[in-house]
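Participant: Data file final_28.cif (mmCIF, C-alpha atoms) is appended below.
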data_run
loop_
_atom_site.label_atom_id
_atom_site.label_comp_id
_atom_site.auth_asym_id
_atom_site.auth_seq_id
_atom_site.Cartn_x
_atom_site.Cartn_y
_atom_site.Cartn_z
CA MET A 152 0.00 0.00 0.00
CA LYS A 153 2.79 2.42 0.89
CA ARG A 154 4.45 1.69 -2.43
CA LEU A 155 1.17 2.43 -4.27
CA VAL A 156 0.76 5.72 -2.42
CA ALA A 157 4.33 6.70 -3.25
CA ILE A 158 3.75 5.95 -6.92
CA LEU A 159 0.52 7.95 -6.98
CA LEU A 160 2.21 10.91 -5.32
CA ALA A 161 5.07 10.76 -7.80
CA VAL A 162 2.66 10.66 -10.74
CA ALA A 163 0.68 13.57 -9.31
CA GLY A 164 3.89 15.56 -8.87
CA CYS A 165 4.89 14.93 -12.47
CA THR A 166 1.71 16.57 -13.71
CA ARG A 167 2.97 19.91 -12.35
CA PRO A 168 6.75 19.88 -12.74
CA SER A 169 6.76 23.69 -12.77
CA GLU A 170 4.93 24.14 -9.47
CA SER A 171 8.13 24.20 -7.43
CA ARG A 172 9.50 26.97 -9.65
CA ALA A 173 6.34 29.03 -9.30
CA LEU A 174 6.66 28.75 -5.53
CA LEU A 175 10.32 29.78 -5.69
CA GLU A 176 9.34 32.92 -7.57
CA LEU A 177 7.29 34.13 -4.63
CA ASP A 178 10.48 34.62 -2.59
CA VAL A 179 12.41 36.52 -5.26
CA GLY A 180 13.17 40.14 -4.40
CA ALA A 181 13.03 39.78 -0.62
CA ALA A 182 15.80 39.37 1.95
CA ALA A 183 16.52 40.22 5.57
CA ILE A 184 19.40 40.46 8.02
CA SER A 185 19.34 41.31 11.73
CA ASP A 186 19.03 45.08 11.28
CA ALA A 187 17.67 45.53 7.73
CA SER A 188 15.26 44.02 5.24
CA VAL A 189 14.42 44.63 1.59
CA ARG A 190 11.52 43.86 -0.71
CA VAL A 191 11.39 44.67 -4.42
CA ALA A 192 7.88 45.22 -5.74
CA GLY A 193 6.75 42.48 -8.11
CA GLY A 194 9.91 40.49 -7.41
CA LEU A 195 11.50 42.42 -10.27
CA ALA A 196 15.06 42.01 -9.02
CA ALA A 197 17.14 39.28 -7.45
CA VAL A 198 18.75 40.26 -4.16
CA ARG A 199 22.38 39.33 -4.60
CA ASP A 200 23.69 40.87 -1.41
CA LEU A 201 22.24 42.45 1.71
CA THR A 202 24.92 43.12 4.27
CA ASP A 203 25.95 45.95 6.54
CA HIS A 204 25.13 49.21 4.71
CA ARG A 205 25.12 47.50 1.29
CA LEU A 206 22.38 46.29 -1.05
CA GLU A 207 23.11 44.67 -4.42
CA LEU A 208 20.37 43.78 -6.91
CA TRP A 209 20.15 42.23 -10.35
CA ALA A 210 17.28 44.02 -12.08
CA ASN A 211 14.88 42.22 -14.38
CA ALA A 212 12.95 45.38 -15.25
CA PRO A 213 13.81 48.96 -16.24
CA VAL A 214 12.08 50.45 -13.17
CA LEU A 215 12.33 49.17 -9.60
CA GLU A 216 10.29 50.13 -6.55
CA ILE A 217 12.16 49.02 -3.43
CA GLU A 218 11.21 49.04 0.23
CA LEU A 219 14.29 49.09 2.44
CA VAL A 220 13.79 48.89 6.20
CA VAL A 221 16.80 50.12 8.16
CA GLY A 222 17.28 49.40 11.85
CA SER A 223 18.97 51.80 14.25
CA THR A 224 22.31 50.01 14.03
CA ALA A 225 22.17 50.06 10.20
CA ALA A 226 21.57 53.80 9.83
CA GLY A 227 24.18 55.70 7.87
CA THR A 228 25.46 55.81 4.31
CA TRP A 229 24.34 52.87 2.19
CA GLN A 230 25.71 51.63 -1.11
CA ILE A 231 22.83 50.72 -3.40
CA LEU A 232 24.23 48.75 -6.35
CA VAL A 233 21.86 47.76 -9.16
CA ARG A 234 23.16 45.61 -11.98
CA ASN A 235 21.42 45.18 -15.36
CA MET A 236 19.87 48.65 -15.14
CA LEU A 237 19.28 51.36 -17.74
CA PRO A 238 22.35 53.51 -18.44
CA ASP A 239 20.54 56.74 -17.48
CA ALA A 240 18.92 55.41 -14.31
CA THR A 241 18.77 57.51 -11.18
CA LEU A 242 17.79 56.73 -7.61
CA VAL A 243 15.05 58.74 -5.89
CA VAL A 244 14.51 58.56 -2.12
CA ALA A 245 11.94 60.80 -0.41
CA GLY A 246 11.91 63.19 -3.35
CA THR A 247 15.69 63.50 -3.54
CA ALA A 248 17.38 62.25 -6.73
CA TYR A 249 20.81 60.68 -6.49
CA THR A 250 23.07 60.35 -9.51
CA ARG A 251 25.06 57.21 -10.02
CA ALA A 252 28.72 56.89 -9.17
CA PRO A 253 31.13 56.49 -12.09
CA ASP A 254 31.42 52.87 -13.21
CA THR A 255 33.17 51.01 -15.99
CA HIS A 256 29.94 49.66 -17.50
CA PRO A 257 26.73 51.53 -18.42
CA THR A 258 24.35 48.92 -16.96
CA VAL A 259 25.85 49.03 -13.46
CA ALA A 260 24.23 51.72 -11.32
CA SER A 261 25.87 52.44 -7.96
CA PHE A 262 24.62 55.05 -5.49
CA GLU A 263 25.76 56.31 -2.09
CA VAL A 264 22.71 57.26 -0.02
CA PRO A 265 22.38 58.43 3.60
CA LEU A 266 19.54 56.52 5.28
CA ALA A 267 18.22 57.06 8.80
CA ALA A 268 16.54 54.31 10.77
CA GLY A 269 13.09 53.62 9.37
CA THR A 270 11.31 52.44 6.26
CA HIS A 271 12.46 53.92 2.95
CA ALA A 272 10.87 53.82 -0.50
CA LEU A 273 13.55 53.70 -3.20
CA HIS A 274 12.78 54.29 -6.87
CA VAL A 275 15.41 53.26 -9.42
CA GLY A 276 14.81 53.92 -13.10
CA SER A 277 15.19 56.19 -16.08
CA PRO A 278 13.85 59.75 -15.68
CA ASP A 279 11.74 59.29 -18.83
CA ALA A 280 10.28 55.90 -17.85
CA SER A 281 6.82 57.39 -17.24
CA VAL A 282 6.76 59.45 -20.45
CA HIS A 283 4.45 57.77 -22.97
CA GLU A 284 6.28 57.85 -26.28
CA PRO A 285 7.63 55.36 -28.85
CA PHE A 286 10.79 53.43 -28.07
CA LYS A 287 12.71 50.42 -29.39
CA VAL A 288 13.90 47.18 -27.83
CA ALA A 289 15.82 44.17 -29.11
CA ALA A 290 14.50 40.61 -28.76
CA MET A 291 16.36 37.30 -28.89
CA ALA A 292 16.51 33.75 -27.50
CA ASP A 293 18.46 30.49 -27.51
CA ILE A 294 22.12 31.24 -26.89
CA GLN A 295 22.88 27.80 -25.41
CA ASP A 296 26.25 26.39 -26.48
CA ALA A 297 27.12 29.60 -28.38
CA LEU A 298 27.87 31.38 -25.11
CA PRO A 299 31.57 31.74 -25.99
CA VAL A 300 30.71 33.80 -29.08
CA VAL A 301 27.46 35.55 -28.08
CA ASP A 302 29.45 38.75 -27.57
CA ASP A 303 29.22 39.11 -31.38
CA VAL A 304 25.44 39.32 -31.07
CA PHE A 305 25.63 41.68 -28.12
CA GLU A 306 28.01 43.97 -30.00
CA ALA A 307 25.61 44.02 -32.97
CA ILE A 308 22.73 44.92 -30.67
CA SER A 309 24.77 47.69 -29.05
CA ALA A 310 25.43 49.13 -32.52
CA VAL A 311 21.70 49.69 -33.20
CA PRO A 312 20.85 53.30 -32.26
CA ASP A 313 18.31 54.16 -29.58
CA LEU A 314 17.59 50.68 -28.20
CA ARG A 315 16.54 50.83 -24.55
CA PHE A 316 16.91 47.19 -23.50
CA VAL A 317 16.82 43.57 -24.66
CA VAL A 318 13.85 41.30 -24.02
CA ALA A 319 14.77 37.61 -24.16
CA MET A 320 12.82 34.38 -24.33
CA GLY A 321 15.17 32.01 -22.51
CA ASP A 322 17.82 29.33 -23.07
CA ILE A 323 20.73 31.55 -22.12
CA THR A 324 22.74 28.43 -21.22
CA GLN A 325 23.17 24.90 -22.50
CA ARG A 326 23.08 22.96 -19.22
CA SER A 327 22.48 25.61 -16.52
CA GLU A 328 25.95 25.08 -15.09
CA VAL A 329 27.43 27.70 -12.76
CA ALA A 330 30.33 28.26 -15.16
CA GLU A 331 27.85 29.02 -17.95
CA TYR A 332 26.00 31.60 -15.88
CA GLU A 333 29.32 33.20 -14.99
CA LEU A 334 30.35 33.28 -18.65
CA PHE A 335 26.99 34.76 -19.62
CA GLU A 336 27.51 37.65 -17.22
CA ARG A 337 31.02 38.25 -18.55
CA GLN A 338 29.65 38.33 -22.09
CA LEU A 339 27.06 40.91 -21.08
CA VAL A 340 29.93 43.36 -20.66
CA THR A 341 29.80 43.77 -24.46
CA LEU A 342 26.13 44.82 -24.25
CA ASP A 343 25.48 48.47 -23.46
CA ILE A 344 21.85 48.01 -22.43
CA PRO A 345 20.06 45.73 -19.93
CA PHE A 346 19.00 42.17 -20.75
CA TYR A 347 15.60 41.17 -19.32
CA THR A 348 14.86 37.48 -19.78
CA THR A 349 12.78 34.51 -18.75
CA LEU A 350 14.17 30.99 -18.53
CA GLY A 351 14.04 28.20 -21.11
CA ASN A 352 14.15 24.43 -20.94
CA HIS A 353 17.95 24.45 -20.90
CA GLU A 354 17.90 26.39 -17.61
CA LEU A 355 16.18 23.35 -16.09
CA TRP A 356 19.03 20.87 -16.64
CA GLU A 357 20.52 21.43 -13.20
CA ASP A 358 19.55 23.08 -9.91
CA GLN A 359 16.89 25.61 -10.86
CA THR A 360 17.60 27.85 -7.88
CA ARG A 361 20.79 28.90 -9.65
CA TYR A 362 18.71 30.87 -12.13
CA PHE A 363 16.38 32.49 -9.59
CA GLU A 364 19.20 33.49 -7.24
CA ARG A 365 21.12 35.18 -10.05
CA PHE A 366 18.48 36.67 -12.33
CA GLY A 367 15.19 36.69 -10.46
CA ARG A 368 11.75 35.62 -11.55
CA ALA A 369 10.89 33.82 -14.78
CA SER A 370 7.24 34.94 -14.72
CA PHE A 371 6.78 38.65 -14.16
CA GLN A 372 5.41 41.88 -15.59
CA PHE A 373 6.74 45.42 -15.91
CA GLU A 374 5.71 48.67 -17.54
CA PHE A 375 7.94 51.11 -19.40
CA LYS A 376 6.83 54.37 -21.04
CA GLY A 377 3.21 53.25 -21.01
CA ALA A 378 3.77 49.81 -22.60
CA VAL A 379 3.56 46.53 -20.70
CA PHE A 380 5.80 43.45 -20.99
CA THR A 381 4.63 40.16 -19.49
CA TYR A 382 6.85 37.08 -19.22
CA ALA A 383 5.80 33.52 -18.38
CA ASP A 384 7.82 30.42 -17.54
CA SER A 385 7.15 27.70 -20.13
CA GLY A 386 10.48 25.95 -19.65
CA ASP A 387 8.94 22.47 -19.50
CA ALA A 388 6.46 23.02 -22.35
CA ALA A 389 3.58 24.25 -20.22
CA ILE A 390 2.58 27.06 -17.90
CA ASP A 391 1.84 26.18 -14.31
CA PRO A 392 -1.73 26.81 -13.08
CA MET A 393 -0.36 29.22 -10.48
CA VAL A 394 1.30 31.25 -13.23
CA GLU A 395 -1.90 31.11 -15.27
CA ASP A 396 -3.66 32.81 -12.36
CA TRP A 397 -0.98 35.49 -12.34
CA LEU A 398 -1.46 35.98 -16.08
CA ASP A 399 -5.19 36.51 -15.61
CA ASP A 400 -4.50 39.32 -13.15
CA TRP A 401 -1.68 40.84 -15.18
CA PHE A 402 -3.63 40.78 -18.43
CA ALA A 403 -6.64 42.38 -16.78
CA ALA A 404 -4.49 45.13 -15.27
CA ALA A 405 -2.96 45.96 -18.68
CA ALA A 406 -6.02 45.54 -20.88
CA ASP A 407 -6.03 49.16 -22.04
CA ARG A 408 -2.31 49.43 -22.81
CA THR A 409 0.09 48.32 -25.50
CA HIS A 410 1.11 44.86 -24.36
CA VAL A 411 3.74 42.31 -25.42
CA PHE A 412 3.89 38.75 -24.13
CA LEU A 413 7.06 36.65 -23.98
CA THR A 414 7.62 33.00 -23.18
CA HIS A 415 10.14 30.40 -24.26
CA MET A 416 8.01 27.86 -26.12
CA PRO A 417 5.30 28.67 -28.67
CA PRO A 418 1.97 27.36 -27.34
CA ILE A 419 1.12 25.90 -30.76
CA ASP A 420 3.68 24.90 -33.40
CA PRO A 421 3.05 27.34 -36.29
CA THR A 422 3.99 24.79 -38.98
CA GLY A 423 3.18 21.51 -37.25
CA VAL A 424 6.46 19.87 -38.25
CA ARG A 425 8.92 21.31 -35.71
CA TYR A 426 9.79 20.01 -32.27
CA GLY A 427 8.67 23.09 -30.40
CA SER A 428 5.34 23.73 -28.76
CA PHE A 429 3.50 23.01 -25.53
CA ARG A 430 3.35 19.34 -24.64
CA SER A 431 -0.45 19.56 -24.56
CA THR A 432 -2.43 21.12 -27.41
CA ARG A 433 -5.18 21.88 -24.93
CA ASP A 434 -2.72 23.80 -22.73
CA GLY A 435 -1.48 25.73 -25.75
CA GLN A 436 -4.99 26.62 -26.84
CA ARG A 437 -5.87 27.72 -23.32
CA LEU A 438 -2.95 30.16 -23.34
CA LEU A 439 -3.95 31.49 -26.76
CA SER A 440 -7.46 32.10 -25.44
CA ARG A 441 -5.98 34.08 -22.57
CA LEU A 442 -3.85 36.13 -24.96
CA VAL A 443 -6.85 36.97 -27.13
CA GLU A 444 -9.08 37.81 -24.18
CA GLY A 445 -6.30 39.94 -22.71
CA HIS A 446 -6.02 42.01 -25.91
CA LEU A 447 -2.31 41.32 -26.35
CA ASP A 448 -0.59 43.23 -29.15
CA LEU A 449 2.44 41.02 -29.80
CA THR A 450 3.78 37.61 -28.76
CA LEU A 451 7.47 36.65 -28.83
CA TYR A 452 8.79 33.10 -28.54
CA GLY A 453 12.07 31.19 -28.79
CA HIS A 454 12.96 27.48 -28.52
CA ILE A 455 12.81 26.76 -32.28
CA HIS A 456 16.18 27.80 -33.67
CA THR A 457 14.94 29.83 -36.59
CA TYR A 458 12.89 32.91 -37.46
CA VAL A 459 9.15 32.71 -38.09
CA ALA A 460 6.69 35.58 -38.46
CA TYR A 461 3.04 34.52 -38.18
CA GLU A 462 -0.14 35.07 -36.18
CA ASN A 463 -1.58 33.14 -33.26
CA GLY A 464 -5.18 33.83 -32.36
CA GLY A 465 -5.02 36.85 -34.64
CA ILE A 466 -2.13 38.32 -32.62
CA PRO A 467 1.18 39.05 -34.41
CA ALA A 468 3.73 36.44 -33.33
CA PHE A 469 7.44 35.97 -33.89
CA ILE A 470 9.76 33.08 -33.15
CA SER A 471 13.34 34.26 -32.82
CA GLY A 472 15.70 31.47 -31.75
CA GLY A 473 18.85 32.90 -33.25
CA GLY A 474 21.06 33.50 -30.25
CA GLY A 475 23.58 30.97 -31.52
CA ALA A 476 22.13 27.53 -30.80
CA GLN A 477 22.30 24.98 -33.64
CA PRO A 478 20.08 26.47 -36.36
CA MET A 479 17.29 24.54 -38.06
CA ARG A 480 18.70 22.84 -41.15
CA GLY A 481 17.55 24.18 -44.46
CA ASP A 482 16.06 27.39 -43.09
CA GLY A 483 19.04 29.59 -43.90
CA ILE A 484 18.46 31.43 -40.62
CA ASP A 485 21.55 31.74 -38.49
CA ARG A 486 22.31 34.09 -35.61
CA HIS A 487 19.96 37.03 -35.48
CA PHE A 488 17.87 39.26 -33.26
CA LEU A 489 14.76 41.37 -33.65
CA VAL A 490 14.23 45.09 -33.18
CA VAL A 491 10.75 45.94 -31.98
CA GLU A 492 9.41 49.47 -32.16
CA VAL A 493 6.94 50.01 -29.34
CA ASP A 494 4.35 52.77 -29.55
CA PRO A 495 2.29 53.06 -26.35
CA ALA A 496 -0.35 55.02 -28.25
CA GLY A 497 -0.56 52.90 -31.37
CA GLY A 498 0.30 49.33 -30.47
CA LEU A 499 3.20 47.39 -31.90
CA GLY A 500 4.00 44.37 -34.00
CA VAL A 501 2.40 44.68 -37.42
CA ALA A 502 1.35 48.27 -38.05
CA PRO A 503 -0.44 50.02 -40.95
CA GLY A 504 1.96 50.57 -43.80
CA GLY A 505 4.47 47.92 -42.76
CA THR A 506 6.01 46.07 -39.86
CA ARG A 507 7.51 47.44 -36.68
CA VAL A 508 9.39 44.23 -36.01
CA GLU A 509 12.62 44.03 -37.98
CA LEU A 510 14.99 41.09 -38.39
CA PHE A 511 18.71 41.83 -37.89
CA ARG A 512 21.10 39.13 -39.04
CA VAL A 513 24.46 38.68 -37.32
CA ASP A 514 25.77 35.91 -39.61
#
Could the structure of this file be written out as structure tokens, please?

Facilitator:
Amino acid sequence: MKRLVAILLAVAGCTRPSESRALLELDVGAAAISDASVRVAGGLAAVRDLTDHRLELWANAPVLEIELVVGSTAAGTWQILVRNMLPDATLVVAGTAYTRAPDTHPTVASFEVPLAAGTHALHVGSPDASVHEPFKVAAMADIQDALPVVDDVFEAISAVPDLRFVVAMGDITQRSEVAEYELFERQLVTLDIPFYTTLGNHELWEDQTRYFERFGRASFQFEFKGAVFTYADSGDAAIDPMVEDWLDDWFAAAADRTHVFLTHMPPIDPTGVRYGSFRSTRDGQRLLSRLVEGHLDLTLYGHIHTYVAYENGGIPAFISGGGGAQPMRGDGIDRHFLVVEVDPAGGLGVAPGGTRVELFRVD
């Protein structure tokens, strides 16, 4: 009987392999020590260090709202270090703006801030983040075993004028090894703008906490200049029911704004002959229904190592798996990235008179 119960529990657990990751996400962005604690709204940053008078974050959004509670013994000058942040970001505390200290890289924002004992609301972001106007981002996915040469792609992205940040659809590593994550961060030195990503199936090869501790949540939402970006974890070819509940709330909150959705795997294979879509057609169709009901303007996917422009549920969709992983044979699509022009007033994706999503080839 005990053996039967164990088998049933194992089978039940296998039906939701992503549940443990969804639960891990709830703790992202929060940390505490004896005389201080921090919480990042929406879990939009990983807390890499919280020690005496020092807070270090890895941002996964262009704007962060941070609550920092300082005890009496922790009062004084704090170093607030935010990695993967916009080059023009400032820090605002109680109406006072602090400019960043000089640093060798534009995406590293370091501030020295005097903080008395108490609860402090910190705002880190670009001064124009709330101005509703068109802007451009790059999009890419599937670096995998091309990590040693992805600096070529990052240099090409940095050469495109006026890009604000990169949105990415996962598979930044091949086997989620610590050395790969370390190499990825070193390669980011060649990128002059932040890189905001979800995870892919290759980030699930080893201990999944490695990803969350370094880069934060895989399912999250942020707003920039009036447009909304929503990411969902589909690393094991499905979206967990807990994440689906989050999507319902996020989509409802952004129903009247320009909105782009990103996840690693396409819910439905656009050609029917590839290896990339949700493991359940019903699950994929359920997500498409949510996207349609949520009035999404654009969907971006990776996983299939090629470039495909199509529609899903009437919504413009793009697969861009050209970060360097082995390309699909016969497609003639090698390393590439997309440039997406976002207009908070007029949508994005396919626009009257042409497309606002442009393919940039690296090879």

Participant: I want to know what sits within 7 Å of Asn235 of chain A, based on all atoms listed in the file, with residues of the same chain fewer than 3 positions away left out; could you give that as a list in words?

Facilitator: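 The neighbour list is Trp209, Ala210, Thr258, Val259, Pro345 and Phe346 of chain A.
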
Participant: For Asn352 of chain A, which residue among A:Ile308, A:Leu489, A:Ile323, A:Ala245 is the nearest when counting all atoms listed in the file?

Facilitator: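 Nearest candidate to Asn352 of chain A out of A:Ile308, A:Leu489, A:Ile323, A:Ala245: A:Ile323.
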
Participant: Could you pull the residues within 8 Å of segment 193-207 of chain A, counting all atoms listed in the file, minus those fewer than 5 positions along the same chain, as a VMD selection string?

Facilitator: chain A and resid 176 to 184 188 212 215 225 to 234 363 to 368 371 to 373

Participant: Neighbourhood query: residues within 10 Å of (10.7, 52.7, -2.9), file coordinates, counting all atoms listed in the file; return as a ChimeraX atom specification.

Facilitator: /A:189-192,215-219,242-245,270-275

Participant: Grab the atom CA of Val282 of chain A to atom CA of Val379 of chain A distance for me, in Å with one decimal place.

Facilitator: 13.3 Å

Participant: Name the closest residue to Ala460 of chain A among the candidates A:Asp313, A:Glu509, A:Asp254, A:Asp448; distances are taken between atoms, counting only C-alpha atoms.

Facilitator: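 Between A:Asp313, A:Glu509, A:Asp254, A:Asp448, the residue approaching Ala460 of chain A most closely is A:Glu509.
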
Participant: Since I can't run it myself right now, could you work out what the PyMOL selection byres ((chain A and resi 325) around 8) selects here and report it as a list of chain:residue names?

Facilitator: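 In the shown coordinates, the PyMOL selection byres ((chain A and resi 325) around 8) covers A:Ile294, A:Gln295, A:Asp296, A:Asp322, A:Ile323, A:Thr324, A:Arg326, A:Ser327, A:Glu328, A:Glu331, A:His353, A:Glu354.
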
Participant: When you count all atoms listed in the file, which of these residues is closest to Glu374 of chain A: A:Met320, A:Val411, A:Val304, A:Leu334?

Facilitator: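 Looking only at the distances to Glu374 of chain A, the closest residue turns out to be A:Val411.
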
Participant: If you measure from atom CA of Gly269 of chain A to atom CA of Ala248 of chain A, what distance in Å do you get, rounded to one decimal?

Facilitator: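 Atom-to-atom, atom CA of Gly269 of chain A and atom CA of Ala248 of chain A are spaced 18.8 Å apart.
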
Participant: One decimal, Å: what's the distance from atom CA of Asp302 of chain A over to atom CA of Arg337 of chain A, could you say?

Facilitator: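 Result for atom CA of Asp302 of chain A versus atom CA of Arg337 of chain A: 9.2 Å, one decimal.
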